[in-house]
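Participant: Below: one structure in structure tokens.
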Amino acid sequence: MGAPALLDVDWDDVTRLERGEHSDPHGLLGWHDAGGRAVVRAWRPGAVALRVLTGGSAVEMTPIGAGGLFAADIGDSGDGAGAGNGVGNGAGGGAYRLQADYAGGPEGHVTLTFDDPYRFWPTVSDFDLHLFGAGRHHELWRALGAHHRTHKGVDGVSFAVWAPNARAVRLAGDWNFWDGYALPMRALGSSGVWELFVPGLPVGSRYKFEVLTRQGWRLHKADPLARATEMPPASASVVEQSTYLWGDAGWLAGRAGADWLQRPVSIYEVHLGSWRRLPEDGNRPLTYRELADELPAYVEAMGFTHVELLPVSEHPFGGSWGYQVSAYFAPTARYGSPDDFRALVDAFHQRGIGVVVDWVPGHFPRDEWALVHFDGTALYEHDDPRRAAHPEWGTLEFNFGRHEVRSFLISSARYWLDELHVDGLRVDAVASMLYLDYGRQEGEWVGNEFGGREDTDAVSFLQELNEVVHAAHPGVMMVAEESTSWPAVSRPAYLGGLGFGFKWNMGWMHDTLEYFAKDPIYRRYHQQDLTFGLLYAFFENFILPLSHDEVVHGKGSLLDKMPGDRWQKAANLRALLAWMWAHPGKQLLFMGGEFGQSAEWHHDRSLDWHLLQYPEHHGVSELVKALNTAYRAEPALWERDFAGEGFRWIDLGDVDGNVLSFLRFSADGDRVLACVANLAPVVRSAYRVGLPRPGGWREVLNTDAACFAGSGAGNAGWVEAEAVGWHGEAWSAELTLPPLGVLWLVPG
């Protein structure tokens, strides 16, 4: 009696299903009302027999066509089964399971019992879809991607992906031999989102999406919202569910009230894969858990307040150092699982150290399994190659004007802050985002709506990003690596700025290294390299970076840049670091610089820790510890970093002597520190320096001290300021200035 109901199908639907082109498989499959009868249709290619298990009975299903479609009439649709059509997609109906027989096995067949993916309602809400399409979904990882969950009483994994121009999307994974033919996904209206709940899948399952394009191509794509991935060079996404128990509630509560503009910030920049390696174990890098045992303790011992990690988002090519990202929500699997990464962040927080990560929203690589032409069209990137192709890095630039792309990127930023507890993002390559002609010649770029070179979409995106992040997480640090003179990068968006809290001072870095690289005999002609930066030092909230970019690609290490013999190189480096720590602005130092790494950094090689056995390298290390200790104890060095009232030159005119001196003041003006630098390789005795207060001044730092492997020249820790006017001050003191040395003095 069920034959007419079983055959009540649209045969075009069946053909599309069998050809793998169906965009609404739930409209055909699952539990349906067919002429007053409750009919279950199931799609199980390869099965030789199929049964519906419901109400304690098993109903044999009838093959429909030859491709793997089965159907069974299981009774009157009004008998309380509750058949439904799930917002037009055919989902719903009563609970049932399927039992399939497959040929093979020791008894000639294999029988499997399972829940039908096509009896479930969508797991993505209409509100999520609305926010996503409007560009206002800032927690997109909660809706899209893969989620292990209990749905209508059944454990499984829900999958959702944005592919608006695809003809069909199927789900392939390690559980179905990477053949998605049996798991077509449904399109959720006009949102461009495809969804499927697969019962029974465990955490750790690997998967990709099979995307059928309008041109008929089949693309195998990793999940853009994946929160875990395979170890590169494998590229599948992995179903992740965190079980990590955080222990940093106290740190997060304290961070919420932090104003880092007026607090000490001393940042240690780290590439996790090359900080320390294990030569006894194939020279492998440390895992996140091993790093958690060693790196936070080291950073604490050195006195840094923050660590900044080169990008740890998953990336296919290690030689990109993480700056060509393929998974914007997943910590790289190179060093462990996402929970292992959480343990590393937590370990830093337990020691009172903030964690900033480099984040790369400007561009992405062209690996065919990742974001590029995700659904066969320019989806995340611009369609116009003059806007899409990054001319310098061979990558593709995001389309910041597309609502869904903005939701994706801002959600990525929020994910690292919300779910992985990082304390800030350093946004890479902001200049390449701001200028339409960045790296392009005339005729290779398209002007904005006003004919200008500014990318107005990128500007509004960055403003929205910073507003959203600061509203959700007060106290986090948003840092721009912006290498031009774009105005108000670190000013609020409501004042016309980009909304960042800080900006890297690339000009200071370039000028300062140019000066210190000069032989001291020529420095008299270049003193403006050290003084020019003070003309604009208070226009932005600057971080002074001696970063990884300065010790690669033939540039040599910081130590190698310094002139002179071995002793002079170390003395110059110590002077550079003390000058930097006293200068207005927060400071950042790339790993290896803290002990005078001799060789240029390489991402596949460990730092040369053995150098610490040598006095000059141990001396640099001890100096950095002393710098951080004195810096954190002296409010004059950080309370007014971004106000001109916190700085005053003593003397910047002694170009023949290579001597410069300045003062730093605390917010209340009560604390003052004098920094005096003798950047010539000779001792200067009885050198008079003007000081703003009488009495004794304590020498809190001398880079030439014997404990730093210096010559020991100095002032025995103390000088007296006399009532002798000098350098415009009412008092002054005669100092012994050590060679290639920097002194810090505070009133005793």
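A note on labels: chains of the structure tokens are A, B, ... as shown, every chain counts residues from 1, and ligands are counted from 1 in their shown order.
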What are the closest atom pairs, with distances in Å to one decimal, for each residue of segment 567-632 of chain A lying within 9 Å of segment 668-691 of chain A, using only C-alpha atoms, rows by chain and rising residue number, as JSON lines?

Facilitator:
```
{"residue": "A:Gln568", "atom": "CA", "partner": "A:Pro681", "partner_atom": "CA", "distance": 7.7}
{"residue": "A:Asn572", "atom": "CA", "partner": "A:Leu679", "partner_atom": "CA", "distance": 7.7}
{"residue": "A:Ala575", "atom": "CA", "partner": "A:Ala677", "partner_atom": "CA", "distance": 7.5}
{"residue": "A:Ala578", "atom": "CA", "partner": "A:Cys675", "partner_atom": "CA", "distance": 8.8}
{"residue": "A:Trp579", "atom": "CA", "partner": "A:Ala677", "partner_atom": "CA", "distance": 7.4}
{"residue": "A:Ala582", "atom": "CA", "partner": "A:Cys675", "partner_atom": "CA", "distance": 6.9}
{"residue": "A:His583", "atom": "CA", "partner": "A:Cys675", "partner_atom": "CA", "distance": 8.8}
```

Participant: Considering only C-alpha atoms, return as a ChimeraX atom specification whatever protein or nucleic-acid residues lie within 12 Å of Arg453 of chain A, sequence-local ones (same chain, fewer than 2 positions apart) excluded.

Facilitator: /A:387,431-442,444-451,455-459

Participant: Could you pull out the helix (DSSP H, G or I) residues of segment 240-448 of chain A, going by DSSP on the backbone, and write them as a PyMOL selection string?

Facilitator: chain A and resi 249-256+260-262+272-275+279-281+288-302+318-320+333-335+338-350+385-388+403-418+430-434

Participant: Could you take the residues named above and write them with C-alpha atoms, as a PDB file, in the first residue's frame?

Facilitator:
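Saved to out00.pdb:
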```pdb
ATOM      1  CA  ALA A 249      40.397  34.694  36.386  1.00  0.00           C
ATOM      2  CA  GLY A 250      42.382  37.022  38.639  1.00  0.00           C
ATOM      3  CA  TRP A 251      44.612  38.124  35.771  1.00  0.00           C
ATOM      4  CA  LEU A 252      41.668  38.832  33.461  1.00  0.00           C
ATOM      5  CA  ALA A 253      39.861  40.813  36.156  1.00  0.00           C
ATOM      6  CA  GLY A 254      42.943  42.947  36.736  1.00  0.00           C
ATOM      7  CA  ARG A 255      43.498  43.417  33.022  1.00  0.00           C
ATOM      8  CA  ALA A 256      40.020  44.850  32.548  1.00  0.00           C
ATOM      9  CA  TRP A 260      48.671  50.331  29.476  1.00  0.00           C
ATOM     10  CA  LEU A 261      49.412  53.854  28.258  1.00  0.00           C
ATOM     11  CA  GLN A 262      50.389  54.739  31.815  1.00  0.00           C
ATOM     12  CA  LEU A 272      57.803  29.811  19.208  1.00  0.00           C
ATOM     13  CA  GLY A 273      59.347  27.375  16.750  1.00  0.00           C
ATOM     14  CA  SER A 274      62.880  28.672  17.112  1.00  0.00           C
ATOM     15  CA  TRP A 275      63.118  30.025  20.649  1.00  0.00           C
ATOM     16  CA  PRO A 279      68.890  18.721  19.321  1.00  0.00           C
ATOM     17  CA  GLU A 280      68.668  15.401  21.146  1.00  0.00           C
ATOM     18  CA  ASP A 281      65.235  14.833  19.600  1.00  0.00           C
ATOM     19  CA  TYR A 288      53.105  24.410  23.672  1.00  0.00           C
ATOM     20  CA  ARG A 289      53.170  22.414  26.915  1.00  0.00           C
ATOM     21  CA  GLU A 290      56.967  22.285  26.982  1.00  0.00           C
ATOM     22  CA  LEU A 291      57.083  25.994  26.253  1.00  0.00           C
ATOM     23  CA  ALA A 292      54.643  26.557  29.120  1.00  0.00           C
ATOM     24  CA  ASP A 293      57.180  24.927  31.438  1.00  0.00           C
ATOM     25  CA  GLU A 294      60.087  27.093  30.264  1.00  0.00           C
ATOM     26  CA  LEU A 295      59.194  30.288  28.394  1.00  0.00           C
ATOM     27  CA  PRO A 296      56.997  32.102  30.976  1.00  0.00           C
ATOM     28  CA  ALA A 297      59.576  31.473  33.699  1.00  0.00           C
ATOM     29  CA  TYR A 298      62.318  32.862  31.458  1.00  0.00           C
ATOM     30  CA  VAL A 299      60.314  35.936  30.481  1.00  0.00           C
ATOM     31  CA  GLU A 300      59.529  36.579  34.152  1.00  0.00           C
ATOM     32  CA  ALA A 301      63.180  36.162  35.161  1.00  0.00           C
ATOM     33  CA  MET A 302      64.216  38.655  32.465  1.00  0.00           C
ATOM     34  CA  GLY A 318      56.764  27.622   7.957  1.00  0.00           C
ATOM     35  CA  GLY A 319      59.066  29.981   6.085  1.00  0.00           C
ATOM     36  CA  SER A 320      56.341  32.648   6.191  1.00  0.00           C
ATOM     37  CA  ALA A 333      49.152  22.269  15.159  1.00  0.00           C
ATOM     38  CA  ARG A 334      52.956  22.370  14.838  1.00  0.00           C
ATOM     39  CA  TYR A 335      53.290  22.667  18.615  1.00  0.00           C
ATOM     40  CA  PRO A 338      44.374  24.373  20.913  1.00  0.00           C
ATOM     41  CA  ASP A 339      44.079  23.359  24.572  1.00  0.00           C
ATOM     42  CA  ASP A 340      47.853  23.029  24.709  1.00  0.00           C
ATOM     43  CA  PHE A 341      48.048  26.616  23.451  1.00  0.00           C
ATOM     44  CA  ARG A 342      45.559  27.642  26.137  1.00  0.00           C
ATOM     45  CA  ALA A 343      47.870  26.091  28.722  1.00  0.00           C
ATOM     46  CA  LEU A 344      50.748  28.230  27.447  1.00  0.00           C
ATOM     47  CA  VAL A 345      48.703  31.431  27.671  1.00  0.00           C
ATOM     48  CA  ASP A 346      47.521  30.447  31.141  1.00  0.00           C
ATOM     49  CA  ALA A 347      51.093  29.802  32.271  1.00  0.00           C
ATOM     50  CA  PHE A 348      52.047  33.334  31.249  1.00  0.00           C
ATOM     51  CA  HIS A 349      49.093  34.751  33.128  1.00  0.00           C
ATOM     52  CA  GLN A 350      50.000  32.789  36.254  1.00  0.00           C
ATOM     53  CA  PRO A 385      42.900  41.608  -9.631  1.00  0.00           C
ATOM     54  CA  ARG A 386      44.078  45.188  -9.181  1.00  0.00           C
ATOM     55  CA  ARG A 387      42.482  45.057  -5.739  1.00  0.00           C
ATOM     56  CA  ALA A 388      42.996  41.362  -4.984  1.00  0.00           C
ATOM     57  CA  HIS A 403      29.859  42.397   5.130  1.00  0.00           C
ATOM     58  CA  GLU A 404      30.495  38.700   5.594  1.00  0.00           C
ATOM     59  CA  VAL A 405      34.268  39.159   5.320  1.00  0.00           C
ATOM     60  CA  ARG A 406      34.161  41.825   8.035  1.00  0.00           C
ATOM     61  CA  SER A 407      32.161  39.472  10.265  1.00  0.00           C
ATOM     62  CA  PHE A 408      34.728  36.737   9.611  1.00  0.00           C
ATOM     63  CA  LEU A 409      37.760  38.870  10.434  1.00  0.00           C
ATOM     64  CA  ILE A 410      36.365  40.676  13.466  1.00  0.00           C
ATOM     65  CA  SER A 411      35.150  37.336  14.810  1.00  0.00           C
ATOM     66  CA  SER A 412      38.667  35.956  14.382  1.00  0.00           C
ATOM     67  CA  ALA A 413      40.044  38.801  16.482  1.00  0.00           C
ATOM     68  CA  ARG A 414      37.365  38.237  19.106  1.00  0.00           C
ATOM     69  CA  TYR A 415      38.042  34.484  19.147  1.00  0.00           C
ATOM     70  CA  TRP A 416      41.673  34.920  20.133  1.00  0.00           C
ATOM     71  CA  LEU A 417      40.624  37.277  22.911  1.00  0.00           C
ATOM     72  CA  ASP A 418      37.438  35.513  24.052  1.00  0.00           C
ATOM     73  CA  VAL A 430      48.443  47.956   8.324  1.00  0.00           C
ATOM     74  CA  ALA A 431      49.995  50.240   5.693  1.00  0.00           C
ATOM     75  CA  SER A 432      49.332  47.655   2.982  1.00  0.00           C
ATOM     76  CA  MET A 433      45.677  47.721   4.002  1.00  0.00           C
ATOM     77  CA  LEU A 434      45.319  51.504   4.049  1.00  0.00           C
TER      78      LEU A 434
END
```

Participant: Taking into account only C-alpha atoms, which residue in the set A:His363, A:Pro25, A:Leu371, A:Trp726 is nearest to Glu392 of chain A?

Facilitator: A:His363

Participant: I'd like to know which of A:Ser485, A:Gln99, A:Ser23, A:Ser190 is closest to Arg167 of chain A, using only C-alpha atoms.

Facilitator: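 Going through A:Ser485, A:Gln99, A:Ser23, A:Ser190 one by one, the smallest distance to Arg167 of chain A is for A:Ser23.
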
Participant: Name the residues in contact with segment 621-632 of chain A at a cut-off of 7 Å, using only C-alpha atoms, excluding same-chain residues fewer than 2 positions from it; report them as a compact mmCIF listing (two decimals) with N, CA and C atoms, in the first residue's frame.

Facilitator:
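Just written: part-v8.txt:
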```txt
# COMPACT_ATOMS: atom_id res chain seq x y z
N PRO A 264 53.97 50.26 32.94
CA PRO A 264 55.17 49.74 32.28
C PRO A 264 54.83 48.66 31.27
N MET A 302 63.61 37.54 33.19
CA MET A 302 64.22 38.66 32.47
C MET A 302 63.52 39.97 32.75
N GLY A 303 62.34 39.93 33.36
CA GLY A 303 61.68 41.15 33.79
C GLY A 303 60.72 41.78 32.80
N PHE A 304 60.43 41.09 31.68
CA PHE A 304 59.50 41.65 30.71
C PHE A 304 58.08 41.60 31.26
N ALA A 578 69.87 50.49 26.59
CA ALA A 578 69.60 51.44 27.68
C ALA A 578 69.01 52.74 27.13
N GLU A 594 68.29 39.89 23.66
CA GLU A 594 68.49 40.08 25.10
C GLU A 594 69.80 39.48 25.59
N PHE A 595 70.48 38.67 24.77
CA PHE A 595 71.81 38.21 25.16
C PHE A 595 72.85 38.41 24.06
N HIS A 617 78.19 38.18 26.32
CA HIS A 617 76.79 37.82 26.09
C HIS A 617 76.04 37.72 27.42
N HIS A 618 76.68 37.14 28.41
CA HIS A 618 76.06 37.10 29.74
C HIS A 618 75.85 38.51 30.26
N GLY A 619 76.77 39.40 29.94
CA GLY A 619 76.64 40.78 30.39
C GLY A 619 75.44 41.48 29.77
N GLU A 634 60.49 52.62 38.16
CA GLU A 634 60.61 54.08 38.00
C GLU A 634 59.45 54.64 37.17
N LEU A 637 59.63 56.68 33.84
CA LEU A 637 59.95 56.06 32.55
C LEU A 637 58.71 55.56 31.81
N THR A 703 75.67 51.12 31.97
CA THR A 703 75.83 49.99 31.04
C THR A 703 77.28 49.51 30.96
N PHE A 708 78.14 43.85 33.84
CA PHE A 708 77.62 43.71 32.48
C PHE A 708 78.74 43.47 31.48
```

Participant: When DSSP works through the backbone of this structure, what residues of segment 297-379 of chain A end up as strand (DSSP E), shown as a list of chain:residue names?

Facilitator: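 Of segment 297-379 of chain A, the ones in strand (DSSP E) are A:His306, A:Val307, A:Glu308, A:Leu309, A:Ser313, A:Glu314, A:Ala327, A:Tyr328, A:Phe329, A:Ala330, A:Pro331, A:Gly354, A:Val355, A:Val356, A:Val357, A:Asp358, A:Trp359, A:His363, A:Phe364.
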
Participant: Tell me, as a list in words, which residues lie within 8 Å of Leu201 of chain A, counting only C-alpha atoms; anything in the same chain fewer than 4 positions away does not count.

Facilitator: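 Non-adjacent residues within range: His148, Asp155, Gly156, Val157 and Ser205 of chain A.
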
Participant: With C-alpha atoms retained, write the just-selected residues as a PDB file, in the first residue's frame.

Facilitator:
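What landed in result_10.pdb:
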```
ATOM      1  CA  HIS A 148      30.396  18.853  18.707  1.00  0.00           C
ATOM      2  CA  ASP A 155      25.360  13.583  19.996  1.00  0.00           C
ATOM      3  CA  GLY A 156      27.166  14.571  16.823  1.00  0.00           C
ATOM      4  CA  VAL A 157      28.854  17.389  14.986  1.00  0.00           C
ATOM      5  CA  SER A 205      37.299  13.953  13.334  1.00  0.00           C
TER       6      SER A 205
END
```

Participant: Excluding Leu310 of chain A and residues on its chain fewer than 5 positions from it, collect all residues at most 12 Å away from it, counting only C-alpha atoms, and give them as a ChimeraX atom specification.

Facilitator: /A:268-275,315,318,320-325,331-332,355-360,425-428,547-549,590-591,603

Participant: Show which residues sit within 12 Å of Arg16 of chain A, as an mmCIF file with N, CA and C atoms, in the first residue's frame. Count only C-alpha atoms, and ignore same-chain residues fewer than 6 positions away.

Facilitator:
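Result saved to part-v1.cif:
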```
data_model
loop_
_atom_site.group_PDB
_atom_site.id
_atom_site.type_symbol
_atom_site.label_atom_id
_atom_site.label_comp_id
_atom_site.auth_asym_id
_atom_site.auth_seq_id
_atom_site.Cartn_x
_atom_site.Cartn_y
_atom_site.Cartn_z
ATOM 1 N N ASP A 10 10.020 14.182 -6.693
ATOM 2 C CA ASP A 10 10.385 14.936 -7.891
ATOM 3 C C ASP A 10 11.637 14.273 -8.452
ATOM 4 N N HIS A 22 22.619 18.638 -5.420
ATOM 5 C CA HIS A 22 21.409 19.065 -4.717
ATOM 6 C C HIS A 22 21.761 20.099 -3.647
ATOM 7 N N SER A 23 21.065 21.235 -3.653
ATOM 8 C CA SER A 23 21.313 22.283 -2.667
ATOM 9 C C SER A 23 20.363 22.207 -1.483
ATOM 10 N N ASP A 24 19.357 21.297 -1.551
ATOM 11 C CA ASP A 24 18.386 21.163 -0.461
ATOM 12 C C ASP A 24 18.074 19.690 -0.230
ATOM 13 N N PRO A 25 19.071 18.904 0.165
ATOM 14 C CA PRO A 25 18.832 17.458 0.306
ATOM 15 C C PRO A 25 17.778 17.133 1.354
ATOM 16 N N LEU A 28 14.251 16.456 0.201
ATOM 17 C CA LEU A 28 13.956 15.146 -0.372
ATOM 18 C C LEU A 28 14.109 14.045 0.659
ATOM 19 N N GLY A 67 20.989 4.972 -7.486
ATOM 20 C CA GLY A 67 22.169 5.659 -6.955
ATOM 21 C C GLY A 67 22.377 5.545 -5.476
ATOM 22 N N LEU A 69 19.378 5.885 -3.168
ATOM 23 C CA LEU A 69 18.216 6.459 -2.501
ATOM 24 C C LEU A 69 17.265 5.329 -2.121
ATOM 25 N N ARG A 167 27.127 25.644 -6.305
ATOM 26 C CA ARG A 167 25.935 24.891 -6.726
ATOM 27 C C ARG A 167 25.563 23.844 -5.682
ATOM 28 N N ALA A 168 26.558 23.303 -5.025
ATOM 29 C CA ALA A 168 26.315 22.310 -3.975
ATOM 30 C C ALA A 168 27.564 22.221 -3.113
ATOM 31 N N TYR A 181 30.194 12.178 -1.189
ATOM 32 C CA TYR A 181 29.019 11.894 -2.026
ATOM 33 C C TYR A 181 27.774 11.600 -1.190
ATOM 34 N N PRO A 184 25.573 15.320 1.308
ATOM 35 C CA PRO A 184 25.322 16.668 0.786
ATOM 36 C C PRO A 184 24.777 17.574 1.886
#
```

Participant: Just the number, please: distance in Å from atom CA of Leu663 of chain A to atom CA of Gly585 of chain A, one decimal.

Facilitator: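 We find that atom CA of Leu663 of chain A and atom CA of Gly585 of chain A lie 13.9 Å from each other.
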
Participant: Which distance in Å separates atom CA of Phe159 of chain A and atom CA of Ser326 of chain A, to one decimal?

Facilitator: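 Answer for the atom CA of Phe159 of chain A to atom CA of Ser326 of chain A separation: 18.5 Å.
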
Participant: Rounded to one decimal in Å, what is the spacing between atom CA of Arg44 of chain A and atom CA of Gly200 of chain A?

Facilitator: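 These two atoms are separated by 15.9 Å.
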